[in-house]
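Participant: Got model_23.cif for you, mmCIF, C-alpha atoms and all ligand atoms:
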```cif
data_entry
#
loop_
_atom_site.label_atom_id
_atom_site.label_comp_id
_atom_site.auth_asym_id
_atom_site.auth_seq_id
_atom_site.Cartn_x
_atom_site.Cartn_y
_atom_site.Cartn_z
CA MET A 1 -22.11 24.12 -26.06
CA LYS A 2 -22.34 22.92 -22.49
CA GLN A 3 -21.64 25.13 -19.47
CA TYR A 4 -18.47 23.22 -18.44
CA ASP A 5 -15.83 21.22 -20.22
CA PHE A 6 -15.41 19.07 -17.10
CA VAL A 7 -17.36 18.38 -13.95
CA ILE A 8 -14.82 16.81 -11.60
CA VAL A 9 -16.31 14.60 -8.92
CA GLY A 10 -14.00 14.62 -5.89
CA ALA A 11 -11.69 17.38 -4.68
CA GLY A 12 -8.93 15.01 -3.54
CA LEU A 13 -5.45 15.07 -5.08
CA PHE A 14 -6.49 13.36 -8.31
CA GLY A 15 -9.43 15.70 -8.90
CA ALA A 16 -7.50 18.81 -7.86
CA VAL A 17 -4.48 18.07 -10.08
CA PHE A 18 -6.74 17.25 -13.02
CA ALA A 19 -8.78 20.44 -12.51
CA HIS A 20 -5.65 22.57 -12.23
CA GLU A 21 -4.16 21.20 -15.43
CA ALA A 22 -7.42 21.43 -17.39
CA ASN A 23 -8.00 24.99 -16.18
CA LYS A 24 -4.44 25.90 -17.21
CA ARG A 25 -5.34 24.70 -20.72
CA GLY A 26 -8.34 27.01 -20.85
CA LYS A 27 -10.96 24.38 -19.99
CA LYS A 28 -13.89 25.37 -17.80
CA CYS A 29 -14.15 23.12 -14.74
CA LEU A 30 -16.50 22.63 -11.82
CA VAL A 31 -15.15 20.56 -8.92
CA ILE A 32 -17.68 19.02 -6.54
CA ASP A 33 -17.16 17.04 -3.35
CA LYS A 34 -19.69 15.39 -1.06
CA ARG A 35 -17.58 16.26 1.98
CA ASN A 36 -17.87 19.74 3.51
CA HIS A 37 -14.26 20.53 2.63
CA LEU A 38 -11.74 20.26 -0.20
CA GLY A 39 -8.61 18.09 -0.33
CA GLY A 40 -10.08 14.62 0.07
CA ASN A 41 -7.98 12.51 2.40
CA ILE A 42 -5.14 15.02 2.65
CA TYR A 43 -7.42 17.58 4.35
CA CYS A 44 -6.15 19.07 7.62
CA GLU A 45 -8.45 20.41 10.32
CA GLU A 46 -6.95 23.18 12.43
CA ILE A 47 -7.26 22.53 16.19
CA GLU A 48 -5.41 24.75 18.71
CA GLY A 49 -3.41 26.20 15.81
CA ILE A 50 -2.19 22.71 14.85
CA ASN A 51 -2.87 21.09 11.45
CA VAL A 52 -4.54 17.81 12.35
CA HIS A 53 -4.41 15.21 9.55
CA LYS A 54 -8.11 14.32 9.73
CA TYR A 55 -7.92 11.16 7.62
CA GLY A 56 -4.65 9.75 8.97
CA ALA A 57 -1.04 10.91 9.07
CA HIS A 58 0.22 11.96 5.63
CA ILE A 59 3.89 12.31 4.77
CA PHE A 60 4.79 13.24 1.21
CA HIS A 61 7.73 11.30 -0.22
CA THR A 62 8.99 10.63 -3.72
CA ASN A 63 12.07 9.84 -5.75
CA ASP A 64 10.72 11.72 -8.74
CA LYS A 65 12.13 15.24 -8.89
CA SER A 66 9.46 16.41 -11.34
CA ILE A 67 6.66 15.43 -8.92
CA TRP A 68 8.53 17.04 -6.01
CA ASP A 69 9.01 20.25 -8.01
CA TYR A 70 5.36 20.14 -9.09
CA VAL A 71 3.94 20.04 -5.54
CA ASN A 72 6.54 22.57 -4.34
CA SER A 73 5.38 24.98 -7.04
CA PHE A 74 2.11 25.36 -5.08
CA VAL A 75 3.52 25.36 -1.55
CA GLU A 76 7.02 24.95 -0.16
CA PHE A 77 7.59 21.71 1.75
CA ASN A 78 9.51 21.48 5.05
CA ARG A 79 12.31 19.03 5.86
CA TYR A 80 10.23 16.64 8.00
CA THR A 81 11.77 13.16 8.01
CA ASN A 82 9.60 10.26 9.05
CA SER A 83 11.31 8.27 11.83
CA PRO A 84 8.58 6.38 13.66
CA LEU A 85 9.05 4.54 16.93
CA ALA A 86 7.49 1.30 18.12
CA ASN A 87 6.34 0.81 21.70
CA PHE A 88 6.25 -2.83 22.81
CA GLU A 89 5.55 -3.54 26.48
CA GLY A 90 6.78 -0.08 27.43
CA GLU A 91 10.10 -0.42 25.57
CA LEU A 92 10.82 1.85 22.60
CA TYR A 93 12.36 0.65 19.33
CA ASN A 94 13.35 2.61 16.24
CA LEU A 95 11.73 1.88 12.89
CA PRO A 96 12.31 0.91 10.16
CA PHE A 97 14.32 -2.12 11.33
CA ASN A 98 17.87 -0.82 11.41
CA MET A 99 21.05 -0.96 13.50
CA ASN A 100 19.42 1.19 16.21
CA THR A 101 16.57 -1.37 16.47
CA PHE A 102 19.01 -4.29 16.55
CA TYR A 103 21.01 -2.60 19.32
CA GLN A 104 17.81 -2.01 21.30
CA LEU A 105 16.76 -5.65 20.83
CA TRP A 106 20.06 -7.46 21.39
CA LYS A 107 22.74 -4.87 22.27
CA VAL A 108 24.59 -5.86 19.08
CA LYS A 109 26.88 -3.11 17.83
CA THR A 110 28.01 -4.21 14.37
CA PRO A 111 26.13 -5.16 11.19
CA GLN A 112 27.75 -8.60 11.23
CA GLU A 113 26.57 -9.31 14.80
CA ALA A 114 23.04 -8.21 13.84
CA GLN A 115 22.99 -10.33 10.68
CA ASP A 116 24.28 -13.37 12.63
CA LYS A 117 21.53 -12.96 15.22
CA ILE A 118 18.82 -12.79 12.53
CA ASN A 119 20.29 -15.74 10.57
CA GLU A 120 20.44 -17.80 13.77
CA GLN A 121 16.74 -17.18 14.51
CA VAL A 122 15.65 -17.81 10.92
CA ALA A 123 17.58 -21.10 10.85
CA ALA A 124 16.20 -22.18 14.26
CA SER A 125 12.62 -21.66 13.01
CA GLY A 126 13.17 -24.38 10.37
CA ILE A 127 10.67 -22.66 8.03
CA THR A 128 11.53 -23.33 4.39
CA ASP A 129 8.13 -23.07 2.72
CA PRO A 130 6.09 -20.35 4.53
CA GLN A 131 2.35 -21.15 4.55
CA ASN A 132 1.04 -17.98 6.15
CA LEU A 133 2.05 -14.44 7.10
CA GLU A 134 3.54 -15.51 10.45
CA GLU A 135 5.81 -18.11 8.87
CA GLN A 136 6.72 -15.75 6.06
CA ALA A 137 7.74 -12.96 8.47
CA ILE A 138 9.76 -15.29 10.74
CA SER A 139 11.55 -16.75 7.72
CA LEU A 140 12.61 -13.22 6.73
CA VAL A 141 13.51 -11.54 10.05
CA GLY A 142 13.52 -14.19 12.78
CA THR A 143 11.39 -14.53 15.91
CA ASP A 144 12.31 -11.49 18.05
CA ILE A 145 11.52 -8.82 15.45
CA TYR A 146 8.41 -10.73 14.44
CA HIS A 147 6.97 -11.18 17.95
CA LYS A 148 7.85 -7.71 19.25
CA LEU A 149 7.37 -5.48 16.24
CA ILE A 150 5.26 -7.20 13.57
CA LYS A 151 2.75 -9.74 14.95
CA GLY A 152 0.46 -7.59 17.13
CA TYR A 153 0.50 -4.60 14.77
CA THR A 154 -0.33 -6.69 11.71
CA GLU A 155 -3.09 -8.65 13.47
CA LYS A 156 -4.72 -5.39 14.58
CA GLN A 157 -4.37 -3.92 11.10
CA TRP A 158 -6.07 -6.85 9.38
CA GLY A 159 -8.37 -7.95 12.21
CA ARG A 160 -7.17 -11.52 11.78
CA LYS A 161 -4.50 -13.81 13.27
CA ALA A 162 -1.19 -13.73 11.41
CA THR A 163 -1.45 -17.50 10.97
CA GLU A 164 -4.72 -16.97 9.09
CA LEU A 165 -3.33 -14.29 6.77
CA PRO A 166 -1.76 -15.26 3.44
CA ALA A 167 2.04 -15.21 3.18
CA PHE A 168 1.99 -12.96 0.08
CA ILE A 169 0.90 -9.90 2.11
CA ILE A 170 4.54 -9.60 3.21
CA LYS A 171 6.76 -9.96 0.18
CA ARG A 172 9.85 -8.52 1.80
CA LEU A 173 10.73 -6.90 5.10
CA PRO A 174 13.50 -4.40 4.55
CA LEU A 175 16.35 -4.68 7.08
CA ARG A 176 18.81 -1.82 7.18
CA PHE A 177 22.29 -2.48 8.50
CA THR A 178 23.09 1.17 9.15
CA PHE A 179 22.12 3.46 12.04
CA ASP A 180 19.48 5.22 9.95
CA ASN A 181 15.95 5.86 11.27
CA ASN A 182 14.67 7.56 8.11
CA TYR A 183 11.61 5.46 7.25
CA PHE A 184 11.58 6.23 3.54
CA ASN A 185 14.35 5.53 1.07
CA ASP A 186 13.08 8.29 -1.20
CA LYS A 187 15.22 11.27 -2.09
CA TYR A 188 12.52 13.85 -1.27
CA GLN A 189 10.12 14.00 1.65
CA GLY A 190 8.35 16.61 3.74
CA ILE A 191 5.12 18.28 4.77
CA PRO A 192 3.72 21.43 3.11
CA ILE A 193 4.64 24.48 5.19
CA GLY A 194 1.32 25.62 6.64
CA GLY A 195 -0.30 22.22 6.00
CA TYR A 196 -1.81 20.23 3.14
CA ASN A 197 -4.73 22.60 2.67
CA LYS A 198 -2.24 25.06 1.14
CA LEU A 199 -1.49 22.50 -1.56
CA THR A 200 -5.19 22.00 -2.29
CA GLU A 201 -5.81 25.77 -2.31
CA GLY A 202 -2.91 26.27 -4.73
CA LEU A 203 -4.18 23.58 -7.08
CA LEU A 204 -7.78 24.79 -7.05
CA ASN A 205 -7.05 28.51 -7.10
CA GLY A 206 -9.45 30.23 -9.54
CA ILE A 207 -11.53 27.09 -10.14
CA GLU A 208 -15.22 26.87 -9.30
CA VAL A 209 -15.84 24.42 -6.42
CA LYS A 210 -18.91 23.13 -4.59
CA THR A 211 -18.57 21.18 -1.36
CA SER A 212 -21.33 19.18 0.41
CA THR A 213 -22.49 18.15 -3.06
CA ASP A 214 -23.00 14.48 -3.85
CA PHE A 215 -22.78 13.59 -7.54
CA PHE A 216 -25.33 10.80 -7.16
CA GLU A 217 -28.01 13.15 -5.89
CA LYS A 218 -28.03 14.98 -9.25
CA ARG A 219 -26.18 12.64 -11.57
CA GLU A 220 -28.18 13.48 -14.70
CA ALA A 221 -28.07 17.24 -14.04
CA PHE A 222 -24.26 17.16 -13.75
CA LYS A 223 -23.94 15.11 -16.92
CA ALA A 224 -26.15 17.62 -18.71
CA ILE A 225 -23.95 20.62 -17.90
CA ALA A 226 -20.54 19.16 -18.81
CA ASP A 227 -18.90 17.63 -21.87
CA LYS A 228 -17.06 15.17 -19.65
CA ILE A 229 -17.20 13.89 -16.09
CA VAL A 230 -14.01 13.11 -14.18
CA PHE A 231 -15.09 10.65 -11.51
CA THR A 232 -12.86 9.96 -8.46
CA GLY A 233 -15.50 8.36 -6.21
CA HIS A 234 -16.31 4.67 -5.68
CA ILE A 235 -16.46 2.85 -9.03
CA ASP A 236 -18.93 0.26 -7.70
CA GLU A 237 -21.28 3.01 -6.55
CA TYR A 238 -21.11 4.58 -10.03
CA TYR A 239 -22.53 1.33 -11.42
CA ASP A 240 -25.09 0.90 -8.62
CA TYR A 241 -23.11 -2.04 -7.18
CA CYS A 242 -24.30 -4.20 -10.07
CA PHE A 243 -21.48 -6.72 -9.52
CA GLY A 244 -21.45 -6.36 -5.70
CA LYS A 245 -19.68 -4.12 -3.19
CA LEU A 246 -15.91 -3.78 -3.26
CA GLU A 247 -14.49 -4.29 0.24
CA TYR A 248 -12.11 -2.15 2.29
CA ARG A 249 -10.49 -1.94 5.73
CA SER A 250 -11.31 1.20 7.61
CA LEU A 251 -9.89 3.24 10.49
CA ARG A 252 -11.44 5.03 13.44
CA PHE A 253 -9.63 8.09 14.80
CA GLU A 254 -9.87 9.34 18.38
CA ASN A 255 -8.54 12.90 18.82
CA GLU A 256 -7.53 14.41 22.15
CA VAL A 257 -6.34 17.94 22.94
CA LEU A 258 -3.78 17.79 25.74
CA ASP A 259 -2.83 20.72 27.91
CA GLN A 260 0.87 20.13 27.51
CA GLU A 261 3.41 21.18 24.94
CA ASN A 262 4.87 17.83 23.97
CA TYR A 263 3.26 14.43 24.60
CA GLN A 264 5.49 11.84 22.94
CA GLY A 265 8.35 13.77 21.33
CA ASN A 266 7.70 12.25 17.91
CA ALA A 267 4.96 12.46 15.29
CA VAL A 268 4.38 8.71 15.00
CA VAL A 269 4.58 6.01 17.68
CA ASN A 270 3.33 2.52 16.79
CA TYR A 271 1.88 0.26 19.49
CA THR A 272 2.82 -3.26 18.52
CA GLU A 273 1.16 -5.28 21.31
CA ALA A 274 -1.99 -7.18 20.27
CA HIS A 275 -3.99 -6.30 23.42
CA ILE A 276 -3.67 -2.51 22.90
CA PRO A 277 -6.55 -1.83 20.49
CA PHE A 278 -5.02 1.08 18.59
CA THR A 279 -2.07 0.74 16.21
CA ARG A 280 -0.54 4.21 16.44
CA ILE A 281 -0.58 7.50 18.28
CA ILE A 282 0.02 10.51 16.02
CA GLU A 283 1.14 13.81 17.58
CA HIS A 284 0.40 16.19 14.71
CA LYS A 285 2.42 19.26 15.72
CA HIS A 286 5.70 17.41 15.16
CA PHE A 287 5.03 17.20 11.40
CA GLU A 288 5.53 20.95 11.32
CA PHE A 289 7.89 21.40 14.30
CA GLY A 290 5.05 23.19 16.16
CA LYS A 291 5.69 25.14 19.34
CA GLN A 292 2.06 25.67 20.42
CA SER A 293 1.38 25.46 24.17
CA LYS A 294 -1.11 22.58 23.68
CA THR A 295 -0.88 19.43 21.61
CA VAL A 296 -3.31 17.22 19.67
CA VAL A 297 -2.87 13.46 19.61
CA THR A 298 -4.83 10.90 17.59
CA LYS A 299 -5.19 7.22 18.36
CA GLU A 300 -5.72 5.14 15.22
CA TYR A 301 -7.98 2.07 15.50
CA PRO A 302 -8.20 -0.25 12.48
CA CYS A 303 -11.69 -1.64 11.93
CA GLU A 304 -14.00 -3.51 9.58
CA TRP A 305 -15.51 -1.36 6.84
CA ASN A 306 -19.26 -1.04 6.29
CA SER A 307 -21.18 1.17 3.87
CA GLY A 308 -21.35 4.71 5.18
CA MET A 309 -17.88 4.51 6.77
CA GLU A 310 -14.75 5.98 5.21
CA ALA A 311 -13.11 3.41 2.95
CA TYR A 312 -9.34 3.45 3.44
CA TYR A 313 -7.52 0.32 2.34
CA PRO A 314 -8.80 -1.78 -0.59
CA ILE A 315 -8.76 -5.52 0.08
CA ASN A 316 -7.05 -6.68 -3.07
CA ASP A 317 -7.82 -10.39 -2.65
CA ASP A 318 -8.99 -12.59 -5.55
CA LYS A 319 -12.70 -11.98 -4.99
CA ASN A 320 -12.42 -8.17 -4.95
CA THR A 321 -9.87 -8.09 -7.76
CA GLU A 322 -12.20 -10.09 -10.02
CA MET A 323 -15.15 -7.86 -9.11
CA PHE A 324 -13.11 -4.72 -9.83
CA LYS A 325 -12.14 -6.06 -13.26
CA LEU A 326 -15.85 -6.29 -14.16
CA TYR A 327 -16.38 -2.67 -13.15
CA ARG A 328 -13.22 -1.61 -15.00
CA THR A 329 -14.56 -3.20 -18.19
CA LEU A 330 -17.74 -1.14 -17.95
CA ALA A 331 -15.68 1.98 -17.22
CA SER A 332 -13.45 1.42 -20.27
CA GLU A 333 -16.55 1.56 -22.48
CA GLU A 334 -17.55 5.04 -21.26
CA LYS A 335 -16.90 7.80 -23.80
CA ASP A 336 -17.49 10.85 -21.61
CA VAL A 337 -16.44 9.68 -18.17
CA ILE A 338 -12.84 9.57 -16.96
CA PHE A 339 -12.23 7.40 -13.88
CA GLY A 340 -9.21 8.13 -11.68
CA GLY A 341 -7.85 8.13 -8.13
CA ARG A 342 -7.83 5.56 -5.37
CA LEU A 343 -11.59 4.90 -5.15
CA ALA A 344 -12.32 4.70 -8.87
CA GLU A 345 -9.27 2.52 -9.53
CA TYR A 346 -9.73 0.46 -6.32
CA LYS A 347 -6.05 0.84 -5.61
CA TYR A 348 -3.88 2.05 -2.75
CA TYR A 349 -2.02 5.08 -4.06
CA ASP A 350 0.57 7.15 -2.18
CA MET A 351 0.22 10.88 -2.78
CA HIS A 352 3.13 11.15 -5.21
CA GLN A 353 1.65 8.25 -7.19
CA VAL A 354 -1.80 9.79 -7.43
CA VAL A 355 -0.33 13.12 -8.56
CA ALA A 356 1.73 11.28 -11.20
CA SER A 357 -1.31 9.28 -12.31
CA ALA A 358 -3.42 12.44 -12.73
CA LEU A 359 -0.64 14.10 -14.74
CA VAL A 360 -0.32 11.05 -17.01
CA ARG A 361 -4.09 11.12 -17.57
CA VAL A 362 -3.97 14.84 -18.36
CA LYS A 363 -1.22 14.20 -20.89
CA SER A 364 -3.16 11.40 -22.55
CA ILE A 365 -6.18 13.69 -22.94
CA PHE A 366 -4.59 17.03 -23.84
CA GLY A 367 -1.31 15.83 -25.29
P1 LIG A 401 -9.42 11.06 -2.13
O1 LIG A 401 -8.49 11.95 -1.42
O2 LIG A 401 -10.16 10.05 -1.32
O3 LIG A 401 -10.47 11.97 -2.91
C1 LIG A 401 -11.67 11.49 -3.46
C2 LIG A 401 -12.75 12.50 -3.12
O4 LIG A 401 -13.94 12.15 -3.84
C3 LIG A 401 -13.13 12.53 -1.65
O5 LIG A 401 -12.95 13.83 -1.12
C4 LIG A 401 -14.60 12.13 -1.64
O6 LIG A 401 -15.36 12.82 -0.67
C5 LIG A 401 -15.03 12.52 -3.05
N1 LIG A 401 -16.22 11.78 -3.50
C6 LIG A 401 -16.40 10.44 -3.51
N2 LIG A 401 -17.62 10.14 -3.98
C7 LIG A 401 -18.23 11.32 -4.28
C8 LIG A 401 -19.51 11.64 -4.78
N3 LIG A 401 -20.43 10.71 -5.04
N4 LIG A 401 -19.81 12.96 -4.96
C9 LIG A 401 -18.90 13.93 -4.66
N5 LIG A 401 -17.67 13.65 -4.17
C10 LIG A 401 -17.34 12.36 -3.98
N6 LIG A 401 0.08 8.82 0.95
C11 LIG A 401 1.36 9.24 1.08
O7 LIG A 401 2.01 9.55 0.08
N7 LIG A 401 1.94 9.36 2.32
C12 LIG A 401 1.28 9.03 3.47
O8 LIG A 401 1.84 9.14 4.56
C13 LIG A 401 -0.07 8.56 3.34
N8 LIG A 401 -0.76 8.23 4.44
C14 LIG A 401 -2.02 7.73 4.31
C15 LIG A 401 -2.69 7.35 5.46
C16 LIG A 401 -3.95 6.80 5.37
C17 LIG A 401 -4.68 6.37 6.60
C18 LIG A 401 -4.54 6.62 4.09
C19 LIG A 401 -5.88 5.97 3.96
C20 LIG A 401 -3.89 7.04 2.94
C21 LIG A 401 -2.62 7.60 3.04
N9 LIG A 401 -1.93 8.04 1.91
C22 LIG A 401 -0.64 8.47 2.04
C23 LIG A 401 -2.56 8.00 0.57
C24 LIG A 401 -3.28 9.31 0.17
O9 LIG A 401 -4.31 9.58 1.09
C25 LIG A 401 -3.87 9.14 -1.25
O10 LIG A 401 -2.85 8.91 -2.17
C26 LIG A 401 -4.67 10.34 -1.79
O11 LIG A 401 -5.40 10.97 -0.81
C27 LIG A 401 -5.59 9.86 -2.90
O12 LIG A 401 -6.26 10.95 -3.51
P2 LIG A 401 -7.57 10.68 -4.36
O13 LIG A 401 -7.93 11.97 -5.00
O14 LIG A 401 -7.41 9.49 -5.20
O15 LIG A 401 -8.69 10.25 -3.27
#
```
Please re-express this file's structure in structure tokens.

Facilitator:
Amino acid sequence: MKQYDFVIVGAGLFGAVFAHEANKRGKKCLVIDKRNHLGGNIYCEEIEGINVHKYGAHIFHTNDKSIWDYVNSFVEFNRYTNSPLANFEGELYNLPFNMNTFYQLWKVKTPQEAQDKINEQVAASGITDPQNLEEQAISLVGTDIYHKLIKGYTEKQWGRKATELPAFIIKRLPLRFTFDNNYFNDKYQGIPIGGYNKLTEGLLNGIEVKTSTDFFEKREAFKAIADKIVFTGHIDEYYDYCFGKLEYRSLRFENEVLDQENYQGNAVVNYTEAHIPFTRIIEHKHFEFGKQSKTVVTKEYPCEWNSGMEAYYPINDDKNTEMFKLYRTLASEEKDVIFGGRLAEYKYYDMHQVVASALVRVKSIFG
């Protein structure tokens, strides 16, 4: 008999949920992570008593009551509602696009006036068969919303001109004809009271963990001590990049501690002008209604991804999708390795989705 039933590579949400559920069923688990902390991308670093979302702002939202109840069974969530703002040339606009935004843009006061304005601009553009992202966006929301709130932000995010990006990136652009700044349509949303680390601690309570431990440095030794490996790292790295490297977009974060209580009055402000190099400023204390005397703000700069950098957004174009399929075929032939999570599945997952996916996997294994 081996020392562990499972060695779980990666202490992010997928690994932590899997470990919790396996442990609950009497299985012996070891969770390792190459980072010097647990939690993966939901990890918060405490600065000046404020939980700073180290890998980008994270807001939990879901329509699924069972997932909401599941995460709340480890830590209670607060009532934070995401209502970001956009700053364009010093003017502020509410997001998502709603009656408040339309009033700020055109002083229109009724849904009909707003709809007429958008229809007028869409018709004037004459675009019937959009050939790129710019044409697609204008054909959906007209020129004002596109030029002030979409163009610069999107070009910074992708590092390419909107006219060079494929139309399919934007399938739809939700327009809301009510005065409602709540970004998500989901029934449940919030932030764990005390921060995301409480969620990770709850999930991994009583489970053996080792941080600053890279699976690939002792791959054979880990395989030797466990019946099965749960792998939540990069699938291409697992197979020594035999089909090539899967590509990502990355982000660079610049944190600043400010000697003032409240910098921007909101957790998230987008900067939608092309010439401002960052896309957003996050003021972390507002996620938890903090009253600390100082504040921490983070500027978010999208950038190209190279090996050694954090991989954030998979580039699901044809080339990468085909390459991933080759890796997935190899993975499906493994008897004792379970692949899961955003890096192993080369997929953008929201938190509620990755929790659900881990629970589905648990069910398929343990019944
Ligand atoms: P991860 O959290 O990345 O965990 C994988 C872990 O595996 C990492 O800790 C890594 O260090 C470890 N690992 C990898 N390779 C090895 C190895 N060789 N050896 C040991 N350990 C290894 N979701 C929302 O619902 N709401 C949001 O507002 C939101 N905002 C986001 C903002 C940004 C910028 C990003 C990028 C994502 C956001 N998400 C959000 C998504 C959320 O981060 C993911 O759903 C979730 O973190 C995925 O968990 P995971 O376990 O799959 O991956």

Participant: Which neighbours of stretch 156-170 of chain A fall inside 6 Å, counting only C-alpha atoms, when residues of the same chain fewer than 2 positions from it are skipped, and could you give them as a compact mmCIF listing (two decimals) with C-alpha atoms, in the frame of the given file?

Facilitator:
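As written to disk, result.txt reads:
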```txt
# COMPACT_ATOMS: atom_id res chain seq x y z
CA ASN A 132 1.04 -17.98 6.15
CA LEU A 133 2.05 -14.44 7.10
CA GLU A 134 3.54 -15.51 10.45
CA GLN A 136 6.72 -15.75 6.06
CA TYR A 153 0.50 -4.60 14.77
CA THR A 154 -0.33 -6.69 11.71
CA ARG A 172 9.85 -8.52 1.80
CA PRO A 302 -8.20 -0.25 12.48
```

Participant: Here is a test: counting only C-alpha atoms, which residue of A:Gly152, A:Pro84, A:Gly190, A:Gly26 is nearest to A:Asn72?

Facilitator: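 So, comparing all the options, the nearest one is A:Gly190.
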
Participant: What gap, in Å, lies between atom CA of A:Val296 and atom CA of A:Leu85?

Facilitator: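 It comes out at 17.9 Å.
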
Participant: Enumerate as a PyMOL selection string the residues within 7 Å of ligand LIG 401 (chain A), counting all atoms listed in the file.

Facilitator: chain A and resi 9-15+32-35+38-42+55-61+213-216+232-234+312-313+340-343+348-354

Participant: Please list as a PyMOL selection string every residue within 12 Å of A:Ala224, counting all atoms listed in the file and excluding residues in the same chain fewer than 2 positions away.

Facilitator: chain A and resi 1-7+218-222+226-229+336

Participant: From the list A:Leu246, A:Gln260, A:Tyr70, A:Val360, which residue is nearest A:Glu322 when using all atoms listed in the file?

Facilitator: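 Selected residue with least distance to A:Glu322: A:Leu246.
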
Participant: Atom CA of A:Arg280 and atom CA of A:Val108 are how many Å apart?

Facilitator: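 Rounded to one decimal, the two atoms are 27.2 Å apart.
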
Participant: From the set A:Tyr238, A:Phe184, A:Tyr271, A:Tyr346, which residue has the shortest atom-to-atom contact distance to A:Glu91, counting all atoms listed in the file?

Facilitator: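 Smallest distance to A:Glu91 is found for A:Tyr271.
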
Participant: Could you check the closest approach to A:Val297 for each of A:Asn185, A:Thr81, A:Thr178, A:Asn51 and tell me which residue wins, using all atoms listed in the file?

Facilitator: A:Asn51

Participant: Give as a ChimeraX atom specification each residue that has an atom at most 7 Å from (13.6, 8.5, -3.0) in the file, counting all atoms listed in the file.

Facilitator: /A:62-63,185-188
